[in-house]
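Heads up, data04.txt below (compact mmCIF, C-alpha atoms):
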```txt
# COMPACT_ATOMS: atom_id res chain seq x y z
CA MET A 206 125.97 121.08 106.45
CA THR A 207 123.79 121.75 103.41
CA TYR A 208 124.96 121.71 99.80
CA PRO A 209 123.44 122.31 96.32
CA ALA A 210 121.34 119.28 95.42
CA ILE A 211 118.82 118.06 92.86
CA LEU A 212 115.74 115.87 92.78
CA LEU A 213 115.60 114.44 89.25
CA LEU A 214 112.57 112.46 88.02
CA GLU A 215 112.59 109.89 85.25
CA ASN A 216 110.32 112.12 83.11
CA GLY A 217 113.17 114.64 83.00
CA ARG A 218 111.71 117.14 85.49
CA SER A 219 114.31 118.47 87.89
CA PHE A 220 113.96 120.39 91.15
CA ARG A 221 116.95 122.06 92.75
CA GLY A 222 117.32 122.73 96.45
CA ARG A 223 119.64 122.17 99.40
CA GLY A 224 120.89 118.72 100.26
CA PHE A 225 120.92 117.54 103.87
CA GLY A 226 121.39 114.22 105.59
CA ALA A 227 123.85 111.97 103.76
CA ARG A 228 125.67 113.51 100.82
CA VAL A 229 125.06 110.63 98.41
CA ALA A 230 123.17 109.92 95.21
CA SER A 231 120.11 107.94 96.31
CA HIS A 232 117.70 106.33 93.83
CA GLY A 233 114.12 105.23 94.50
CA GLU A 234 110.50 105.42 93.48
CA VAL A 235 109.28 108.94 94.27
CA VAL A 236 105.94 109.15 96.14
CA PHE A 237 104.19 111.86 98.14
CA ASN A 238 102.83 111.64 101.68
CA THR A 239 100.07 113.94 102.96
CA SER A 240 100.62 113.41 106.71
CA LEU A 241 100.96 116.57 108.79
CA THR A 242 102.85 114.81 111.58
CA GLY A 243 104.89 111.64 112.08
CA TYR A 244 107.80 112.21 109.71
CA GLN A 245 110.13 110.12 111.91
CA GLU A 246 107.72 107.19 111.79
CA ILE A 247 107.53 107.63 108.01
CA VAL A 248 111.27 107.61 107.32
CA SER A 249 111.72 104.57 109.61
CA ASP A 250 108.75 102.62 108.17
CA PRO A 251 110.20 99.59 106.33
CA SER A 252 107.33 99.80 103.83
CA TYR A 253 109.15 102.83 102.35
CA CYS A 254 112.22 100.77 101.47
CA GLY A 255 113.22 101.73 97.94
CA GLN A 256 111.15 104.93 97.93
CA ILE A 257 111.92 108.66 98.09
CA VAL A 258 109.20 110.35 100.14
CA VAL A 259 107.96 113.86 99.32
CA MET A 260 106.25 115.41 102.37
CA THR A 261 103.39 117.73 101.40
CA ALA A 262 103.36 119.37 104.85
CA VAL A 263 105.40 122.56 104.62
CA GLU A 264 107.51 122.36 107.79
CA ILE A 265 109.34 119.17 108.75
CA GLY A 266 111.78 118.63 111.62
CA ASN A 267 110.16 120.51 114.49
CA VAL A 268 109.96 117.54 116.89
CA GLY A 269 113.38 116.13 116.03
CA VAL A 270 113.80 112.37 116.34
CA ASN A 271 113.89 109.96 119.27
CA ALA A 272 114.42 106.24 119.72
CA ALA A 273 110.99 105.60 121.25
CA ASP A 274 109.08 106.63 118.11
CA ALA A 275 111.13 104.75 115.52
CA GLU A 276 109.31 102.07 113.54
CA ALA A 277 112.56 100.24 112.78
CA ALA A 278 116.14 100.25 114.05
CA ALA A 279 117.17 102.84 111.44
CA PRO A 280 115.64 104.99 108.68
CA VAL A 281 114.64 102.80 105.75
CA CYS A 282 113.44 105.13 102.99
CA ALA A 283 115.67 105.96 100.04
CA GLY A 284 115.35 109.70 100.62
CA LEU A 285 113.27 112.54 102.05
CA VAL A 286 112.04 115.67 100.23
CA VAL A 287 110.69 118.64 102.23
CA ARG A 288 109.80 122.25 101.56
CA GLU A 289 111.17 123.77 104.76
CA ARG A 290 113.27 121.96 107.36
CA THR A 291 113.13 123.32 110.91
CA GLY A 292 115.15 122.66 114.05
CA ALA A 293 113.89 120.44 116.84
CA SER A 294 111.85 121.98 119.66
CA SER A 295 110.46 118.99 121.56
CA TRP A 296 111.39 117.78 125.03
CA ARG A 297 111.40 114.22 123.67
CA ALA A 298 113.95 114.90 120.91
CA ASP A 299 117.26 113.00 121.05
CA ASP A 300 118.61 114.33 117.76
CA GLU A 301 117.96 116.60 114.77
CA LEU A 302 116.49 115.14 111.57
CA ASP A 303 119.50 116.22 109.48
CA ALA A 304 122.06 114.52 111.73
CA HIS A 305 119.88 111.44 112.11
CA LEU A 306 119.57 110.89 108.36
CA ALA A 307 123.26 111.61 107.83
CA ALA A 308 124.25 109.03 110.44
CA HIS A 309 122.25 106.38 108.63
CA GLY A 310 123.21 107.21 105.06
CA VAL A 311 119.84 108.62 103.96
CA ALA A 312 119.77 111.57 101.56
CA GLY A 313 117.46 114.55 102.00
CA ILE A 314 116.67 117.71 100.07
CA ASP A 315 114.80 120.86 101.08
CA ASP A 316 114.09 124.39 99.88
CA LEU A 317 112.21 123.30 96.77
CA ASP A 318 108.57 123.37 95.66
CA THR A 319 107.00 120.21 97.07
CA ARG A 320 103.58 121.32 95.84
CA ALA A 321 104.83 121.32 92.24
CA ILE A 322 106.46 117.89 92.73
CA THR A 323 103.24 116.50 94.20
CA ARG A 324 101.24 117.79 91.24
CA VAL A 325 103.59 116.01 88.85
CA LEU A 326 103.28 112.73 90.76
CA ARG A 327 99.49 113.13 91.08
CA GLN A 328 99.11 113.68 87.33
CA GLU A 329 101.76 111.33 85.95
CA GLY A 330 102.05 108.73 88.72
CA ALA A 331 104.85 107.64 91.02
CA MET A 332 108.11 107.38 89.13
CA ARG A 333 111.77 106.63 89.55
CA GLY A 334 114.00 109.44 90.71
CA VAL A 335 117.19 110.39 92.50
CA ILE A 336 118.35 112.83 95.16
CA ALA A 337 121.95 113.77 94.39
CA PRO A 338 124.50 116.56 94.69
CA ALA A 339 123.71 119.07 91.94
CA PRO A 340 125.30 118.12 88.60
CA ALA A 341 128.02 120.47 87.39
CA ASP A 342 126.55 120.91 83.90
CA ALA A 343 123.89 119.71 81.43
CA ALA A 344 125.96 116.70 80.38
CA ALA A 345 126.32 115.53 83.98
CA GLU A 346 122.57 115.96 84.52
CA ALA A 347 121.83 113.95 81.36
CA ALA A 348 124.09 111.15 82.63
CA LEU A 349 122.29 111.20 85.98
CA LEU A 350 118.91 110.98 84.22
CA ALA A 351 120.11 108.00 82.21
CA GLU A 352 121.10 106.30 85.47
CA VAL A 353 117.63 106.99 86.92
CA ARG A 354 116.01 105.33 83.91
CA ARG A 355 118.19 102.23 84.36
CA GLN A 356 116.83 101.62 87.85
CA PRO A 357 114.36 98.71 88.31
CA LEU A 358 110.64 99.40 88.35
CA MET A 359 108.65 98.63 91.49
CA ASP A 360 106.49 96.17 89.55
CA GLY A 361 107.84 92.67 90.11
CA LEU A 362 110.30 93.82 92.79
CA ASP A 363 110.63 91.79 96.01
CA LEU A 364 112.11 94.15 98.60
CA VAL A 365 111.13 92.08 101.65
CA PRO A 366 114.57 90.41 102.01
CA ARG A 367 116.08 93.88 102.54
CA VAL A 368 113.93 94.61 105.60
CA THR A 369 112.92 91.34 107.27
CA THR A 370 114.56 90.05 110.44
CA ALA A 371 117.42 87.58 110.09
CA SER A 372 116.24 85.43 112.99
CA THR A 373 113.23 84.72 115.17
CA TYR A 374 112.77 86.85 118.29
CA ALA A 375 110.22 87.61 121.00
CA TRP A 376 108.72 91.09 121.39
CA ASP A 377 107.28 92.20 124.73
CA ALA A 378 107.22 96.03 124.69
CA SER A 379 103.83 97.73 124.79
CA VAL A 380 102.81 101.19 123.56
CA TRP A 381 104.72 104.23 124.80
CA ARG A 382 103.24 106.13 127.73
CA ALA A 383 104.34 109.43 129.24
CA PRO A 384 106.17 109.03 132.57
CA ASP A 385 103.32 110.69 134.49
CA ASP A 386 100.55 108.62 132.84
CA ALA A 387 98.71 105.99 134.82
CA ALA A 388 99.72 102.42 134.05
CA ALA A 389 97.87 100.80 131.16
CA PRO A 390 95.17 98.37 132.29
CA ALA A 391 96.17 94.74 131.85
CA ALA A 392 94.30 92.80 129.16
CA ALA A 393 91.88 90.33 130.70
CA GLY A 394 92.04 86.57 130.23
CA ARG A 395 94.63 84.24 128.79
CA VAL A 396 97.59 85.65 126.93
CA ASP A 397 97.31 84.66 123.26
CA HIS A 398 100.42 83.59 121.37
CA VAL A 399 100.75 85.39 118.03
CA VAL A 400 103.40 84.49 115.48
CA ALA A 401 104.04 87.56 113.35
CA TYR A 402 105.60 87.33 109.90
CA ASP A 403 108.08 90.14 109.41
CA PHE A 404 107.77 91.41 105.85
CA GLY A 405 109.04 94.78 107.13
CA ILE A 406 107.01 94.99 110.33
CA LYS A 407 106.46 98.33 112.06
CA ARG A 408 107.25 98.34 115.76
CA ASN A 409 103.96 99.95 116.67
CA ILE A 410 102.13 96.92 115.29
CA LEU A 411 104.08 94.79 117.76
CA ARG A 412 103.35 97.25 120.55
CA ARG A 413 99.63 97.15 119.75
CA LEU A 414 99.56 93.36 119.74
CA VAL A 415 101.21 93.32 123.18
CA ALA A 416 98.86 96.03 124.46
CA SER A 417 95.87 93.94 123.38
CA GLY A 418 97.09 91.01 125.47
CA CYS A 419 99.24 88.94 123.11
CA ARG A 420 102.58 87.20 123.48
CA VAL A 421 104.40 87.89 120.23
CA THR A 422 107.01 85.89 118.37
CA VAL A 423 108.41 87.51 115.22
CA VAL A 424 109.70 85.28 112.42
CA PRO A 425 111.59 85.98 109.17
CA ALA A 426 109.55 86.41 106.01
CA SER A 427 110.79 83.12 104.52
CA THR A 428 109.74 80.98 107.50
CA PRO A 429 107.83 77.88 106.29
CA ALA A 430 104.28 77.40 107.49
CA ALA A 431 105.25 74.12 109.17
CA ALA A 432 107.76 75.93 111.37
CA VAL A 433 105.12 78.49 112.37
CA LEU A 434 102.56 75.81 113.17
CA ALA A 435 105.16 73.97 115.27
CA MET A 436 105.21 77.04 117.56
CA GLN A 437 101.53 76.32 118.33
CA PRO A 438 100.30 79.88 117.81
CA ASP A 439 96.80 80.98 118.68
CA GLY A 440 96.94 83.25 115.64
CA VAL A 441 99.21 84.35 112.81
CA PHE A 442 99.86 87.97 111.87
CA LEU A 443 100.98 89.08 108.39
CA SER A 444 102.84 92.39 108.49
CA ASN A 445 103.28 95.40 106.29
CA GLY A 446 106.28 95.67 103.98
CA PRO A 447 107.66 97.11 100.74
CA GLY A 448 107.56 96.17 97.07
CA ASP A 449 105.28 94.15 94.82
CA PRO A 450 103.23 91.58 96.77
CA ALA A 451 103.02 89.20 93.80
CA ALA A 452 106.82 88.88 93.90
CA VAL A 453 106.81 87.55 97.48
CA THR A 454 105.98 84.03 96.29
CA TYR A 455 107.43 82.22 99.32
CA ALA A 456 105.10 84.12 101.66
CA ILE A 457 102.06 83.47 99.47
CA ALA A 458 102.84 79.74 99.55
CA ALA A 459 103.22 79.76 103.34
CA VAL A 460 99.92 81.59 103.86
CA LYS A 461 98.12 79.05 101.66
CA GLU A 462 99.31 76.33 104.05
CA LEU A 463 98.30 78.35 107.09
CA LEU A 464 94.82 78.83 105.61
CA ALA A 465 94.55 75.08 105.19
CA ALA A 466 95.48 74.69 108.87
CA ASP A 467 92.52 76.93 109.79
CA LYS A 468 94.47 79.28 112.05
CA PRO A 469 93.15 82.80 112.81
CA ILE A 470 94.97 85.22 110.50
CA PHE A 471 95.17 89.02 110.54
CA GLY A 472 97.01 90.94 107.83
CA ILE A 473 97.93 94.60 107.43
CA CYS A 474 99.10 96.37 104.24
CA LEU A 475 101.47 94.01 102.37
CA GLY A 476 100.17 91.24 104.62
CA HIS A 477 96.65 92.05 103.40
CA GLN A 478 97.80 91.82 99.79
CA ILE A 479 99.65 88.54 100.39
CA LEU A 480 96.56 87.11 102.06
CA GLY A 481 94.47 88.16 99.06
CA LEU A 482 96.91 86.45 96.69
CA ALA A 483 96.95 83.29 98.83
CA LEU A 484 93.16 83.22 98.67
CA GLY A 485 93.31 83.32 94.86
CA ALA A 486 92.89 87.03 94.11
CA ARG A 487 95.12 89.29 92.01
CA THR A 488 96.87 92.56 92.85
CA PHE A 489 97.66 95.58 90.70
CA LYS A 490 99.79 98.72 90.96
CA LEU A 491 98.09 102.01 91.78
CA PRO A 492 99.08 105.09 89.74
CA PHE A 493 100.57 107.02 92.68
CA GLY A 494 99.54 104.93 95.67
CA HIS A 495 98.02 105.98 98.98
CA HIS A 496 100.41 107.62 101.44
CA GLY A 497 99.20 109.77 104.32
CA GLY A 498 97.42 110.00 107.64
CA ASN A 499 94.06 111.36 106.52
CA HIS A 500 92.41 108.85 104.16
CA PRO A 501 88.70 108.04 104.69
CA VAL A 502 87.71 104.37 104.65
CA ALA A 503 84.18 102.94 104.88
CA ASP A 504 83.46 99.87 107.02
CA LEU A 505 80.85 98.14 104.87
CA ALA A 506 79.41 96.16 107.81
CA THR A 507 78.65 99.18 110.00
CA GLY A 508 78.57 102.07 107.53
CA LYS A 509 81.03 103.96 109.71
CA VAL A 510 83.85 106.00 108.22
CA GLU A 511 87.35 105.68 109.65
CA ILE A 512 90.11 108.22 109.08
CA THR A 513 93.16 106.09 108.40
CA ALA A 514 96.91 106.12 107.86
CA GLN A 515 97.98 104.59 104.57
CA ASN A 516 101.18 103.59 102.82
CA HIS A 517 100.87 101.32 99.81
CA GLY A 518 101.38 101.31 96.07
CA PHE A 519 99.48 98.12 95.20
CA ALA A 520 95.89 96.99 95.78
CA VAL A 521 93.79 93.83 95.62
CA ASP A 522 91.55 93.51 92.56
CA PRO A 523 87.97 93.03 93.88
CA ALA A 524 86.85 91.39 90.62
CA SER A 525 89.33 88.57 91.25
CA LEU A 526 88.09 87.58 94.71
CA PRO A 527 86.88 83.98 94.97
CA ALA A 528 83.54 82.95 96.45
CA GLY A 529 83.46 83.21 100.23
CA VAL A 530 85.88 86.15 100.36
CA ARG A 531 84.27 89.57 100.69
CA VAL A 532 85.40 93.17 100.70
CA SER A 533 84.98 94.51 104.24
CA HIS A 534 86.30 98.06 103.79
CA THR A 535 86.63 100.42 100.83
CA ASN A 536 88.61 103.58 100.19
CA LEU A 537 86.31 106.60 99.83
CA TYR A 538 88.79 108.43 97.60
CA ASP A 539 88.91 105.90 94.78
CA GLY A 540 86.81 102.88 95.79
CA THR A 541 89.77 100.49 96.08
CA VAL A 542 89.74 97.54 98.46
CA GLU A 543 90.77 98.43 102.02
CA GLY A 544 89.79 95.22 103.80
CA LEU A 545 89.01 91.54 103.25
CA ALA A 546 87.17 88.94 105.31
CA VAL A 547 86.65 85.22 104.76
CA ASP A 548 83.07 84.16 105.46
CA GLY A 549 82.72 81.85 108.44
CA ARG A 550 86.43 81.84 109.24
CA PRO A 551 88.68 83.88 111.60
CA VAL A 552 90.61 85.38 108.70
CA PHE A 553 90.63 89.08 107.85
CA SER A 554 92.91 91.88 106.73
CA VAL A 555 93.06 95.61 106.08
CA GLN A 556 95.07 97.61 103.58
CA TYR A 557 95.50 100.60 105.90
CA HIS A 558 97.39 100.92 109.21
CA PRO A 559 95.23 100.57 112.36
CA GLU A 560 98.35 100.78 114.53
CA ALA A 561 99.25 104.21 113.12
CA SER A 562 101.56 106.31 115.26
CA PRO A 563 101.11 109.19 115.89
CA GLY A 564 97.64 108.53 114.48
CA PRO A 565 94.82 108.50 113.54
CA HIS A 566 93.53 105.90 115.98
CA ASP A 567 90.06 105.15 114.58
CA ALA A 568 90.92 101.52 113.73
CA HIS A 569 92.51 100.29 116.96
CA TYR A 570 89.46 98.03 117.40
CA LEU A 571 90.91 95.63 114.82
CA PHE A 572 93.49 94.36 117.31
CA ALA A 573 90.68 93.50 119.73
CA ARG A 574 88.86 91.80 116.85
CA PHE A 575 91.91 89.64 116.21
CA ARG A 576 92.09 88.63 119.84
CA GLU A 577 88.38 87.81 119.87
CA ALA A 578 88.91 85.66 116.76
CA MET A 579 91.68 83.70 118.52
CA ARG A 580 89.50 83.16 121.57
CA ALA A 581 86.58 82.01 119.44
CA ALA A 582 88.82 79.62 117.55
CA ARG A 583 89.89 77.98 120.83
```
Rendering of file as structure tokens:
Amino acid sequence: MTYPAILLLENGRSFRGRGFGARVASHGEVVFNTSLTGYQEIVSDPSYCGQIVVMTAVEIGNVGVNAADAEAAAPVCAGLVVRERTGASSWRADDELDAHLAAHGVAGIDDLDTRAITRVLRQEGAMRGVIAPAPADAAAEAALLAEVRRQPLMDGLDLVPRVTTASTYAWDASVWRAPDDAAAPAAAGRVDHVVAYDFGIKRNILRRLVASGCRVTVVPASTPAAAVLAMQPDGVFLSNGPGDPAAVTYAIAAVKELLAADKPIFGICLGHQILGLALGARTFKLPFGHHGGNHPVADLATGKVEITAQNHGFAVDPASLPAGVRVSHTNLYDGTVEGLAVDGRPVFSVQYHPEASPGPHDAHYLFARFREAMRAAR
């Protein structure tokens, strides 16, 4: 059931449309995502915790939602903004987007000008906002705006405790395959044990690690390095996640100890930023971040360009990198750091998402690189 609703930004701009999903007032940092497909993976990506996502693609909802494609147990974003919401027409759909968001308390709004919203965010930067039932009058809207401006900024905000696992667990599921597909070939050689820090880990990362031949143990974000090393891992993975990386001080401290232990380390997104901070670099907030499935990244070693999926609002400052740490990949839109590597050591990371589901898949090779690093370390 739809209802009159509003998206109100902290700069005072308001956009009125139809509410769907949960009928609640939901606050968050408003960002835009340029992906044409994968909206279910986006709303269930824990990296979007605390954020309202504006989809630039015009039609959203056509494939419904299903349990197999979820990146977490439930939608995690603070809200979803779309131009036109359509009904599901996929044989894999278990539910409609509207009902799915409503069941999990996530607010949505449609029938508004997402192009205009995106232009505001592109020009003025990501900002705080709210999706709410439409205010009855100007005074009620002014009160709602004041509440938006009282919300915390993303700078300095540690959101990892809201999305990390409460306890250690093993993950053994591989990537999804259609029922009539041939079985996936088994990875050759010894099965490598990877301990994965859950800062808000996407399930497809875990699936990709298993598909590459790893045995995976997932640990809470606050797990001390000593406890990880006691598990005798062949390698340590640092996951994606939400918020300001500099605020996740406990993880930075743990990674410093793991670096001293000389274990192979692979980081993605927030894990990349935490690795950079543990190595002595600094991070900074981007004006409106990188969110989408079509961002070009240059591999500086090969000169090849990868089309990548991205979701981050912070970046590593290349000028702050210490000796022996080099930039391995750069963003071709704005030149920001997209990858790090430590010279002579099995330690590397990328800012983008090589596991991206539904795609692009240009960077799947990084999981093989991690496995090769673990083998070489042995």
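You can rank A:Gly222, A:Gly334, A:Pro366, A:Pro559 by their closest distance to Ser427 of chain A using all atoms listed in the file, and at the top of that list sits A:Pro366.
Of the residues under consideration (A:Pro565, A:Gly544, A:Ala337, A:Phe471), A:Ala337 shows the shortest atom-to-atom contact distance to Val229 of chain A when counting only C-alpha atoms.
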*What is the distance, in Å and to one decimal place, between atom CA of Tyr244 of chain A and atom CA of Glu301 of chain A?*
12.2 Å
Set up a box along x, y and z of the file covering all listed atoms of segment 490-507 of chain A, add 8 Å on every one of the six sides, and write the centre and edge lengths in Å to one decimal, as lines of an AutoDock Vina configuration file.
```
center_x = 89.6
center_y = 103.8
center_z = 99.9
size_x = 37.9
size_y = 31.2
size_z = 36.3
```
*asked:* Just want the 7 Å neighbourhood of segment 213-220 of chain A, counted on all atoms listed in the file, with same-chain residues fewer than 3 positions away dropped. Output as a list in words.
replied: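 Result of the neighbour search: Leu317, Met332, Arg333, Gly334, Val335, Ile336, Leu350, Val353 and Arg354 of chain A.
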*asked:* Using all atoms listed in the file for the distances, tell me which of A:Glu560, A:Glu352, A:Glu234, A:Glu246 is nearest to Ala416 of chain A.
replied: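 When distances to Ala416 of chain A are compared using all atoms listed in the file, the smallest one comes from A:Glu560.
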Kindly output segment 470-480 of chain A as a PDB file, in the coordinates of the input, after building all heavy atoms.
```pdb
ATOM      1  N   ILE A 470      93.969  84.426 111.219  1.00  0.00           N
ATOM      2  CA  ILE A 470      94.970  85.220 110.500  1.00  0.00           C
ATOM      3  C   ILE A 470      94.508  86.660 110.398  1.00  0.00           C
ATOM      4  O   ILE A 470      93.351  86.927 110.071  1.00  0.00           O
ATOM      5  CB  ILE A 470      95.227  84.649 109.092  1.00  0.00           C
ATOM      6  CG1 ILE A 470      95.800  83.226 109.168  1.00  0.00           C
ATOM      7  CG2 ILE A 470      96.168  85.550 108.296  1.00  0.00           C
ATOM      8  CD1 ILE A 470      95.963  82.564 107.809  1.00  0.00           C
ATOM      9  N   PHE A 471      95.423  87.579 110.665  1.00  0.00           N
ATOM     10  CA  PHE A 471      95.170  89.020 110.540  1.00  0.00           C
ATOM     11  C   PHE A 471      96.318  89.606 109.732  1.00  0.00           C
ATOM     12  O   PHE A 471      97.488  89.415 110.062  1.00  0.00           O
ATOM     13  CB  PHE A 471      95.110  89.639 111.943  1.00  0.00           C
ATOM     14  CG  PHE A 471      94.936  91.131 111.999  1.00  0.00           C
ATOM     15  CD1 PHE A 471      94.357  91.853 110.958  1.00  0.00           C
ATOM     16  CD2 PHE A 471      95.356  91.835 113.126  1.00  0.00           C
ATOM     17  CE1 PHE A 471      94.197  93.228 111.025  1.00  0.00           C
ATOM     18  CE2 PHE A 471      95.195  93.219 113.207  1.00  0.00           C
ATOM     19  CZ  PHE A 471      94.628  93.912 112.155  1.00  0.00           C
ATOM     20  N   GLY A 472      95.992  90.322 108.665  1.00  0.00           N
ATOM     21  CA  GLY A 472      97.010  90.940 107.830  1.00  0.00           C
ATOM     22  C   GLY A 472      96.829  92.437 107.720  1.00  0.00           C
ATOM     23  O   GLY A 472      95.706  92.937 107.736  1.00  0.00           O
ATOM     24  N   ILE A 473      97.938  93.147 107.614  1.00  0.00           N
ATOM     25  CA  ILE A 473      97.930  94.600 107.430  1.00  0.00           C
ATOM     26  C   ILE A 473      98.822  94.949 106.243  1.00  0.00           C
ATOM     27  O   ILE A 473      99.944  94.439 106.128  1.00  0.00           O
ATOM     28  CB  ILE A 473      98.435  95.334 108.691  1.00  0.00           C
ATOM     29  CG1 ILE A 473      97.385  95.267 109.814  1.00  0.00           C
ATOM     30  CG2 ILE A 473      98.773  96.794 108.398  1.00  0.00           C
ATOM     31  CD1 ILE A 473      97.848  95.889 111.133  1.00  0.00           C
ATOM     32  N   CYS A 474      98.335  95.802 105.344  1.00  0.00           N
ATOM     33  CA  CYS A 474      99.100  96.370 104.240  1.00  0.00           C
ATOM     34  C   CYS A 474      99.638  95.273 103.301  1.00  0.00           C
ATOM     35  O   CYS A 474      98.866  94.599 102.642  1.00  0.00           O
ATOM     36  CB  CYS A 474     100.193  97.278 104.775  1.00  0.00           C
ATOM     37  SG  CYS A 474     100.847  98.419 103.539  1.00  0.00           S
ATOM     38  N   LEU A 475     100.958  95.079 103.217  1.00  0.00           N
ATOM     39  CA  LEU A 475     101.470  94.010 102.370  1.00  0.00           C
ATOM     40  C   LEU A 475     100.918  92.664 102.810  1.00  0.00           C
ATOM     41  O   LEU A 475     100.631  91.796 101.978  1.00  0.00           O
ATOM     42  CB  LEU A 475     103.007  93.995 102.398  1.00  0.00           C
ATOM     43  CG  LEU A 475     103.669  92.966 101.473  1.00  0.00           C
ATOM     44  CD1 LEU A 475     103.492  93.338 100.016  1.00  0.00           C
ATOM     45  CD2 LEU A 475     105.153  92.820 101.801  1.00  0.00           C
ATOM     46  N   GLY A 476     100.761  92.478 104.120  1.00  0.00           N
ATOM     47  CA  GLY A 476     100.170  91.240 104.620  1.00  0.00           C
ATOM     48  C   GLY A 476      98.762  91.028 104.119  1.00  0.00           C
ATOM     49  O   GLY A 476      98.347  89.892 103.837  1.00  0.00           O
ATOM     50  N   HIS A 477      97.995  92.102 103.986  1.00  0.00           N
ATOM     51  CA  HIS A 477      96.650  92.050 103.400  1.00  0.00           C
ATOM     52  C   HIS A 477      96.716  91.611 101.946  1.00  0.00           C
ATOM     53  O   HIS A 477      95.936  90.759 101.500  1.00  0.00           O
ATOM     54  CB  HIS A 477      96.019  93.442 103.538  1.00  0.00           C
ATOM     55  CG  HIS A 477      94.967  93.776 102.549  1.00  0.00           C
ATOM     56  ND1 HIS A 477      93.639  93.435 102.713  1.00  0.00           N
ATOM     57  CD2 HIS A 477      95.045  94.453 101.366  1.00  0.00           C
ATOM     58  CE1 HIS A 477      92.944  93.884 101.680  1.00  0.00           C
ATOM     59  NE2 HIS A 477      93.771  94.499 100.849  1.00  0.00           N
ATOM     60  N   GLN A 478      97.665  92.173 101.202  1.00  0.00           N
ATOM     61  CA  GLN A 478      97.800  91.820  99.790  1.00  0.00           C
ATOM     62  C   GLN A 478      98.250  90.367  99.620  1.00  0.00           C
ATOM     63  O   GLN A 478      97.745  89.639  98.746  1.00  0.00           O
ATOM     64  CB  GLN A 478      98.789  92.774  99.122  1.00  0.00           C
ATOM     65  CG  GLN A 478      98.335  94.222  99.134  1.00  0.00           C
ATOM     66  CD  GLN A 478      99.476  95.196  98.898  1.00  0.00           C
ATOM     67  OE1 GLN A 478     100.627  94.792  98.706  1.00  0.00           O
ATOM     68  NE2 GLN A 478      99.162  96.490  98.928  1.00  0.00           N
ATOM     69  N   ILE A 479      99.192  89.931 100.455  1.00  0.00           N
ATOM     70  CA  ILE A 479      99.650  88.540 100.390  1.00  0.00           C
ATOM     71  C   ILE A 479      98.528  87.583 100.739  1.00  0.00           C
ATOM     72  O   ILE A 479      98.362  86.528 100.095  1.00  0.00           O
ATOM     73  CB  ILE A 479     100.871  88.356 101.319  1.00  0.00           C
ATOM     74  CG1 ILE A 479     102.094  89.051 100.703  1.00  0.00           C
ATOM     75  CG2 ILE A 479     101.159  86.884 101.576  1.00  0.00           C
ATOM     76  CD1 ILE A 479     103.301  89.113 101.613  1.00  0.00           C
ATOM     77  N   LEU A 480      97.717  87.934 101.731  1.00  0.00           N
ATOM     78  CA  LEU A 480      96.560  87.110 102.060  1.00  0.00           C
ATOM     79  C   LEU A 480      95.609  87.024 100.869  1.00  0.00           C
ATOM     80  O   LEU A 480      95.126  85.939 100.520  1.00  0.00           O
ATOM     81  CB  LEU A 480      95.824  87.678 103.275  1.00  0.00           C
ATOM     82  CG  LEU A 480      94.531  86.954 103.679  1.00  0.00           C
ATOM     83  CD1 LEU A 480      94.808  85.506 104.057  1.00  0.00           C
ATOM     84  CD2 LEU A 480      93.836  87.683 104.820  1.00  0.00           C
TER      85      LEU A 480
END
```
